[in-house]
file my_file.csv (CSV, C-alpha atoms and all ligand atoms)
chain,number,residue,atom,x,y,z
Q,1,MET,CA,23.1,136.0,107.1
Q,2,PRO,CA,26.2,137.9,108.4
Q,3,GLU,CA,25.5,138.6,112.0
Q,4,ARG,CA,28.3,141.0,112.9
Q,5,ILE,CA,28.9,143.9,110.5
Q,6,VAL,CA,31.2,146.9,110.7
Q,7,LEU,CA,30.0,150.0,109.0
Q,8,THR,CA,32.7,152.7,108.4
Q,9,GLY,CA,31.5,156.2,107.7
Q,10,ALA,CA,28.5,155.5,109.8
Q,11,ALA,CA,27.9,159.2,110.5
Q,12,GLY,CA,28.4,160.2,106.9
Q,13,SER,CA,25.8,161.0,104.3
Q,14,MET,CA,25.5,157.5,102.9
Q,15,GLY,CA,26.2,155.8,106.2
Q,16,ARG,CA,23.3,157.6,107.9
Q,17,LEU,CA,21.0,156.4,105.1
Q,18,MET,CA,22.3,152.8,105.3
Q,19,ARG,CA,22.5,152.4,109.1
Q,20,PRO,CA,18.8,151.9,109.8
Q,21,ARG,CA,18.3,149.9,106.7
Q,22,LEU,CA,21.1,147.4,107.6
Q,23,ALA,CA,19.5,146.5,111.0
Q,24,ARG,CA,18.1,143.0,111.2
Q,25,PRO,CA,17.0,140.8,114.1
Q,26,GLY,CA,20.0,138.8,115.2
Q,27,ARG,CA,22.5,141.2,113.5
Q,28,SER,CA,24.8,143.5,115.4
Q,29,LEU,CA,26.4,146.6,113.8
Q,30,ARG,CA,29.6,148.2,114.8
Q,31,LEU,CA,29.5,151.8,113.7
Q,32,VAL,CA,32.8,153.5,112.9
Q,33,ASP,CA,33.4,157.1,112.1
Q,34,ILE,CA,35.9,159.9,112.9
Q,35,ALA,CA,32.9,162.2,113.6
Q,36,PRO,CA,30.6,161.8,116.5
Q,37,ILE,CA,28.2,158.9,115.9
Q,38,PRO,CA,24.5,159.3,117.0
Q,39,PRO,CA,23.8,156.8,119.8
Q,40,ALA,CA,21.9,153.5,119.2
Q,41,GLU,CA,18.2,153.8,118.8
Q,42,PRO,CA,16.0,151.8,121.1
Q,43,GLY,CA,16.1,148.2,119.9
Q,44,GLU,CA,19.1,148.8,117.7
Q,45,ASP,CA,21.9,146.3,118.4
Q,46,ALA,CA,24.8,148.7,117.7
Q,47,ASP,CA,27.9,150.0,119.3
Q,48,ALA,CA,30.1,152.8,118.2
Q,49,VAL,CA,33.9,153.4,117.7
Q,50,GLN,CA,34.9,156.9,117.1
Q,51,ALA,CA,38.2,156.6,115.2
Q,52,SER,CA,39.8,157.3,111.8
Q,53,VAL,CA,39.9,154.8,109.0
Q,54,THR,CA,43.6,155.6,108.8
Q,55,ASP,CA,44.3,154.2,112.2
Q,56,LEU,CA,45.3,150.6,111.7
Q,57,ALA,CA,45.4,149.6,115.3
Q,58,ALA,CA,41.9,151.0,116.0
Q,59,MET,CA,40.4,149.4,112.8
Q,60,GLN,CA,41.9,146.0,113.6
Q,61,LYS,CA,40.4,146.2,117.1
Q,62,ALA,CA,37.1,147.4,115.7
Q,63,PHE,CA,36.9,144.5,113.1
Q,64,GLU,CA,37.7,141.7,115.6
Q,65,GLY,CA,34.9,139.0,115.2
Q,66,ALA,CA,33.2,140.8,112.2
Q,67,ASP,CA,31.7,138.7,109.5
Q,68,ALA,CA,31.9,141.6,107.0
Q,69,VAL,CA,33.1,145.2,106.8
Q,70,VAL,CA,31.1,147.8,104.8
Q,71,HIS,CA,33.6,150.6,104.1
Q,72,LEU,CA,31.7,153.8,103.3
Q,73,GLY,CA,34.2,156.0,105.2
Q,74,GLY,CA,36.4,158.7,103.7
Q,75,LEU,CA,36.0,161.8,101.6
Q,76,SER,CA,33.0,161.7,99.3
Q,77,THR,CA,33.9,164.4,96.8
Q,78,GLU,CA,36.9,166.2,95.3
Q,79,GLY,CA,39.6,167.7,97.5
Q,80,PRO,CA,43.4,168.2,97.6
Q,81,TRP,CA,45.7,165.4,96.6
Q,82,GLU,CA,47.3,164.9,100.0
Q,83,GLN,CA,43.9,164.5,101.6
Q,84,MET,CA,42.8,161.9,99.0
Q,85,VAL,CA,46.0,159.9,99.5
Q,86,ARG,CA,45.7,160.0,103.3
Q,87,THR,CA,42.0,159.5,103.9
Q,88,ASN,CA,40.8,157.5,100.9
Q,89,ILE,CA,43.8,155.6,99.4
Q,90,HIS,CA,45.6,154.9,102.7
Q,91,GLY,CA,42.2,154.5,104.5
Q,92,SER,CA,41.2,151.8,102.0
Q,93,TYR,CA,44.6,150.0,102.6
Q,94,VAL,CA,44.1,150.2,106.3
Q,95,VAL,CA,40.5,148.8,106.1
Q,96,LEU,CA,41.6,145.9,104.0
Q,97,GLU,CA,44.7,145.2,106.0
Q,98,ALA,CA,42.7,145.4,109.3
Q,99,ALA,CA,40.2,143.0,107.8
Q,100,ARG,CA,43.0,140.6,106.9
Q,101,ARG,CA,44.6,140.8,110.3
Q,102,SER,CA,41.4,140.5,112.2
Q,103,GLY,CA,40.1,137.6,110.1
Q,104,SER,CA,37.1,139.4,108.7
Q,105,PRO,CA,36.4,137.5,105.5
Q,106,ARG,CA,34.5,140.1,103.5
Q,107,VAL,CA,34.9,143.8,102.6
Q,108,ILE,CA,32.5,145.9,100.7
Q,109,LEU,CA,34.1,149.0,99.3
Q,110,ALA,CA,32.2,152.1,98.3
Q,111,SER,CA,33.7,153.0,94.9
Q,112,SER,CA,32.1,155.5,92.6
Q,113,SER,CA,31.1,156.3,89.0
Q,114,HIS,CA,33.9,158.9,89.3
Q,115,ALA,CA,36.5,156.1,89.1
Q,116,VAL,CA,35.5,155.9,85.4
Q,117,GLY,CA,34.0,159.4,85.0
Q,118,PHE,CA,36.1,160.5,82.0
Q,119,HIS,CA,34.5,157.8,79.8
Q,120,PRO,CA,32.4,159.7,77.2
Q,121,ARG,CA,28.7,159.1,77.3
Q,122,ASP,CA,28.1,157.6,73.9
Q,123,GLY,CA,24.5,156.5,74.4
Q,124,SER,CA,25.3,152.9,75.0
Q,125,GLU,CA,25.2,151.2,78.4
Q,126,ALA,CA,28.4,151.5,80.4
Q,127,PRO,CA,29.5,147.9,80.9
Q,128,ASP,CA,30.6,146.2,84.2
Q,129,TYR,CA,34.3,146.3,84.8
Q,130,LEU,CA,34.8,149.4,82.7
Q,131,PHE,CA,38.5,150.3,82.8
Q,132,PRO,CA,39.4,153.1,85.3
Q,133,ARG,CA,39.3,156.6,83.8
Q,134,PRO,CA,39.0,158.8,86.8
Q,135,ASP,CA,37.6,162.3,86.5
Q,136,THR,CA,39.2,163.8,89.7
Q,137,PHE,CA,41.7,163.0,92.4
Q,138,TYR,CA,38.7,161.6,94.2
Q,139,GLY,CA,38.0,159.3,91.3
Q,140,VAL,CA,41.7,158.2,91.4
Q,141,SER,CA,41.3,157.4,95.0
Q,142,LYS,CA,38.3,155.2,94.2
Q,143,ALA,CA,40.1,153.4,91.4
Q,144,ALA,CA,43.0,152.8,93.8
Q,145,GLY,CA,40.6,151.4,96.4
Q,146,GLU,CA,39.4,148.9,93.7
Q,147,ALA,CA,43.0,148.0,92.9
Q,148,LEU,CA,43.7,147.4,96.6
Q,149,GLY,CA,40.6,145.3,96.9
Q,150,SER,CA,41.8,143.2,93.9
Q,151,LEU,CA,45.2,142.7,95.6
Q,152,TYR,CA,43.7,141.7,98.9
Q,153,HIS,CA,41.5,139.1,97.1
Q,154,ASP,CA,44.2,137.6,95.0
Q,155,ARG,CA,46.9,137.6,97.7
Q,156,TYR,CA,44.9,136.9,100.8
Q,157,GLY,CA,41.6,135.4,99.6
Q,158,LEU,CA,39.4,138.1,101.0
Q,159,ASP,CA,36.0,138.5,99.4
Q,160,VAL,CA,35.9,142.1,98.1
Q,161,VAL,CA,32.9,143.6,96.4
Q,162,CYS,CA,33.4,147.1,95.0
Q,163,LEU,CA,30.3,149.2,94.4
Q,164,ARG,CA,30.6,151.9,91.8
Q,165,ILE,CA,27.9,154.0,93.4
Q,166,GLY,CA,26.1,156.6,91.3
Q,167,SER,CA,24.3,159.2,93.4
Q,168,CYS,CA,22.9,157.8,96.7
Q,169,ARG,CA,20.5,160.3,98.1
Q,170,GLU,CA,16.8,160.5,99.1
Q,171,LYS,CA,15.8,161.7,95.7
Q,172,PRO,CA,17.5,163.0,92.5
Q,173,SER,CA,17.8,166.7,92.2
Q,174,LEU,CA,19.9,167.1,89.0
Q,175,PRO,CA,19.2,165.8,85.5
Q,176,ARG,CA,22.3,163.5,85.6
Q,177,GLN,CA,20.9,161.9,88.7
Q,178,LEU,CA,18.0,160.6,86.7
Q,179,ALA,CA,20.6,158.2,85.3
Q,180,THR,CA,22.9,157.8,88.3
Q,181,TRP,CA,20.4,157.7,91.2
Q,182,LEU,CA,20.7,155.0,93.8
Q,183,SER,CA,17.7,155.1,96.1
Q,184,PRO,CA,18.5,154.5,99.8
Q,185,ASP,CA,16.3,151.4,99.8
Q,186,ASP,CA,18.1,150.1,96.7
Q,187,GLY,CA,21.4,151.0,98.3
Q,188,ALA,CA,20.5,148.7,101.2
Q,189,ARG,CA,19.3,146.0,98.8
Q,190,LEU,CA,22.7,146.2,97.0
Q,191,LEU,CA,24.6,146.0,100.3
Q,192,GLU,CA,22.5,143.1,101.4
Q,193,ALA,CA,23.3,141.3,98.1
Q,194,ALA,CA,27.0,142.0,98.6
Q,195,LEU,CA,26.9,140.8,102.2
Q,196,THR,CA,25.1,137.6,101.5
Q,197,ALA,CA,26.2,136.4,98.0
Q,198,PRO,CA,28.1,133.1,98.6
Q,199,SER,CA,31.8,133.4,98.0
Q,200,PRO,CA,31.7,136.4,95.6
Q,201,GLY,CA,35.5,136.6,95.2
Q,202,PHE,CA,36.4,140.0,93.7
Q,203,ARG,CA,33.6,141.9,92.0
Q,204,VAL,CA,33.1,145.4,90.7
Q,205,VAL,CA,29.4,146.3,90.2
Q,206,TRP,CA,27.4,149.4,89.5
Q,207,GLY,CA,25.5,150.9,92.4
Q,208,VAL,CA,22.4,152.5,90.8
Q,209,SER,CA,18.6,152.0,90.8
Q,210,ALA,CA,16.7,150.6,87.9
Q,211,ASN,CA,16.5,154.0,86.3
Q,212,THR,CA,14.5,154.3,83.0
Q,213,ARG,CA,17.3,156.7,81.8
Q,214,GLY,CA,20.1,154.7,83.4
Q,215,TRP,CA,23.5,154.5,81.7
Q,216,PHE,CA,24.9,151.5,83.5
Q,217,ALA,CA,24.8,147.7,83.1
Q,218,LEU,CA,23.3,145.9,86.1
Q,219,ASP,CA,24.2,142.4,85.0
Q,220,GLU,CA,27.0,141.8,87.5
Q,221,ALA,CA,25.0,143.4,90.4
Q,222,ARG,CA,22.0,141.2,89.5
Q,223,LYS,CA,24.3,138.1,89.5
Q,224,LEU,CA,25.2,139.0,93.1
Q,225,GLY,CA,21.5,138.9,93.9
Q,226,TYR,CA,20.6,142.6,93.7
Q,227,GLN,CA,17.0,143.3,92.7
Q,228,PRO,CA,16.5,147.0,92.4
Q,229,GLN,CA,13.0,148.3,92.9
Q,230,ASP,CA,13.3,152.0,92.4
Q,231,ASP,CA,13.4,154.3,89.3
Q,232,ALA,CA,14.4,158.0,89.3
Q,233,GLU,CA,11.8,158.6,86.6
Q,234,GLN,CA,9.1,159.3,89.2
Q,235,PHE,CA,11.0,162.5,90.0
Q,236,ALA,CA,11.8,163.5,86.3
Q,237,ALA,CA,9.3,166.3,86.1
Q,238,ASP,CA,10.6,168.1,89.2
Q,239,VAL,CA,14.2,167.7,88.2
Q,240,GLU,CA,13.8,168.7,84.5
Q,241,ASP,CA,11.9,171.9,85.6
Q,242,GLY,CA,14.6,172.7,88.2
Q,243,PRO,CA,17.3,175.3,87.9
Q,244,ALA,CA,20.0,172.7,87.1
Q,245,ALA,CA,18.3,171.4,83.9
Q,246,GLY,CA,20.8,171.0,81.0
Q,247,LEU,CA,23.9,170.3,83.1
Q,248,ASP,CA,26.7,168.6,81.2
Q,249,ASP,CA,26.4,164.9,80.5
Q,250,THR,CA,29.2,164.6,78.0
Q,251,TYR,CA,31.0,162.2,80.3
Q,252,LEU,CA,29.9,159.6,82.8
Q,253,GLY,CA,31.3,161.8,85.6
Q,254,GLY,CA,29.2,164.9,84.6
Q,255,THR,CA,30.4,168.1,86.2
Q,256,PHE,CA,33.2,166.3,88.0
Q,257,CYS,CA,34.9,166.4,84.6
Q,258,SER,CA,35.0,170.2,84.3
Q,259,PRO,CA,36.5,171.9,87.4
Q,260,GLU,CA,40.2,172.1,88.4
Q,261,LEU,CA,41.4,168.7,89.7
Q,262,ASP,CA,41.9,169.8,93.3
Q,263,ALA,CA,38.9,172.2,93.5
Q,264,GLU,CA,36.1,171.5,95.9
Q,265,ILE,CA,33.1,170.4,93.8
Q,301,LIG,C1,30.1,160.5,94.4
Q,301,LIG,O1,30.9,159.7,94.2
Q,301,LIG,C2,30.0,161.4,95.6
Q,301,LIG,O2,30.4,160.6,96.7
Q,301,LIG,C3,28.6,162.0,95.8
Q,301,LIG,O3,28.8,163.0,96.7
Q,301,LIG,C4,28.0,162.5,94.6
Q,301,LIG,O4,28.6,163.6,94.2
Q,301,LIG,C5,28.0,161.4,93.5
Q,301,LIG,O5,29.2,160.8,93.3
Q,301,LIG,C6,27.4,161.8,92.2
Q,301,LIG,O6,28.1,161.7,91.1
Q,301,LIG,O7,26.3,162.3,92.1
call {"tool": "encode", "arguments": {"input": "my_file.csv", "output": "structure tokens", "more": "lines below"}}
Ligand code: 15L
result
Amino acid sequence: MPERIVLTGAAGSMGRLMRPRLARPGRSLRLVDIAPIPPAEPGEDADAVQASVTDLAAMQKAFEGADAVVHLGGLSTEGPWEQMVRTNIHGSYVVLEAARRSGSPRVILASSSHAVGFHPRDGSEAPDYLFPRPDTFYGVSKAAGEALGSLYHDRYGLDVVCLRIGSCREKPSLPRQLATWLSPDDGARLLEAALTAPSPGFRVVWGVSANTRGWFALDEARKLGYQPQDDAEQFAADVEDGPAAGLDDTYLGGTFCSPELDAEI
């Protein structure tokens, strides 16, 4: 079991869900975020580094001695191009380069379904390693992160696992999320699989729960050791009756495919 793990984006929406679920006896967490990081809970073996993922010197220092880096930091939805380049694309480069320089052997990258969001929904299961077809500048930044991960694996031998995360939240609230939901507990199971799989090399796997209405192949994730336990179907009645019923599902990326590219979604 990896004992020293760095979690970037620890104060972000997914980071806050994963932080308590990553804790294990004998494991220490280094929490990284540009935003203030809530202090360690009693009994939690964690320390905090408040710094940007675009700061190479700070990241290299933060990653010293780490067995693995879980990179959830960066912008999590659409925004202006310059911000995507700086925070997400350059930030992913910095995280991978800092891992290489500090000798951290494994990086887990939070990618997104939006890296492939303009693939039409044709009723069949979206396969693993679907070719990038981003739906936003945000999606481009995630595809670029995957490409950087591939480079750092091939050139420097880092183990890099990219998770094409659907919608990681407490529960689904939109019809599309009945297909894309990643429960927080399954998110932690997926991270654990990515952290512990022996020599994974470079992988790209879907990050979703075992949803009855799921659109995504889970073969590659299961090969890593992921065993999802949750299904969005338990929330279907609430979601279908809700105000957002009938939202667009023409493309994998849903509503990310419709607004202007640099609009806030
Ligand atoms: C994502 O990639 C975003 O980070 C998240 O905020 C959600 O919007 C999610 O996709 C989704 O598609 O539901």
call {"tool": "closest_atom_pairs", "arguments": {"input": "my_file.csv", "of": "chain Q", "to": "ligand LIG 301 (chain Q)", "cutoff": "8 Å", "atoms": "all atoms listed in the file", "output": "Markdown table"}}
result
| residue | atom | partner | partner_atom | distance |
| --- | --- | --- | --- | --- |
| Q:Leu75 | CA | Q:LIG301 | O2 | 7.5 |
| Q:Ser76 | CA | Q:LIG301 | O2 | 3.8 |
| Q:Thr77 | CA | Q:LIG301 | C2 | 5.1 |
| Q:Ser111 | CA | Q:LIG301 | O1 | 7.3 |
| Q:Ser112 | CA | Q:LIG301 | O1 | 4.7 |
| Q:Ser113 | CA | Q:LIG301 | O1 | 6.2 |
| Q:His114 | CA | Q:LIG301 | O1 | 5.8 |
| Q:Gly139 | CA | Q:LIG301 | O1 | 7.7 |
| Q:Ile165 | CA | Q:LIG301 | O1 | 6.5 |
| Q:Gly166 | CA | Q:LIG301 | C6 | 5.4 |
| Q:Ser167 | CA | Q:LIG301 | O7 | 3.9 |
| Q:Cys168 | CA | Q:LIG301 | C5 | 7.0 |
| Q:Arg176 | CA | Q:LIG301 | O7 | 7.7 |
| Q:Gln177 | CA | Q:LIG301 | O7 | 6.4 |
| Q:Thr180 | CA | Q:LIG301 | O7 | 6.8 |
| Q:Trp181 | CA | Q:LIG301 | O7 | 7.5 |
| Q:Gly253 | CA | Q:LIG301 | O6 | 6.4 |
| Q:Gly254 | CA | Q:LIG301 | O6 | 7.3 |
| Q:Phe256 | CA | Q:LIG301 | O6 | 7.5 |
call {"tool": "closest_residue", "arguments": {"input": "my_file.csv", "among": "Q:Pro172, Q:Pro120, Q:Gly187, Q:Pro105", "to": "His153 in chain Q", "atoms": "all atoms listed in the file"}}
result
Q:Pro105
call {"tool": "closest_residue", "arguments": {"input": "my_file.csv", "among": "Q:Glu125, Q:Asp67, Q:Asp55, Q:Glu3", "to": "Ser92 in chain Q", "atoms": "only C-alpha atoms"}}
result
Q:Asp55
call {"tool": "residues_around", "arguments": {"input": "my_file.csv", "residues": "range 213-224 of chain Q", "least_positions_apart": "4", "cutoff": "6 Å", "atoms": "only C-alpha atoms", "output": "VMD selection string"}}
result
chain Q and resid 125 to 127 179 193 197 205
call {"tool": "atom_distance", "arguments": {"input": "my_file.csv", "atom1": "CA of Val204 in chain Q", "atom2": "CA of Val239 in chain Q"}}
result
29.3 Å
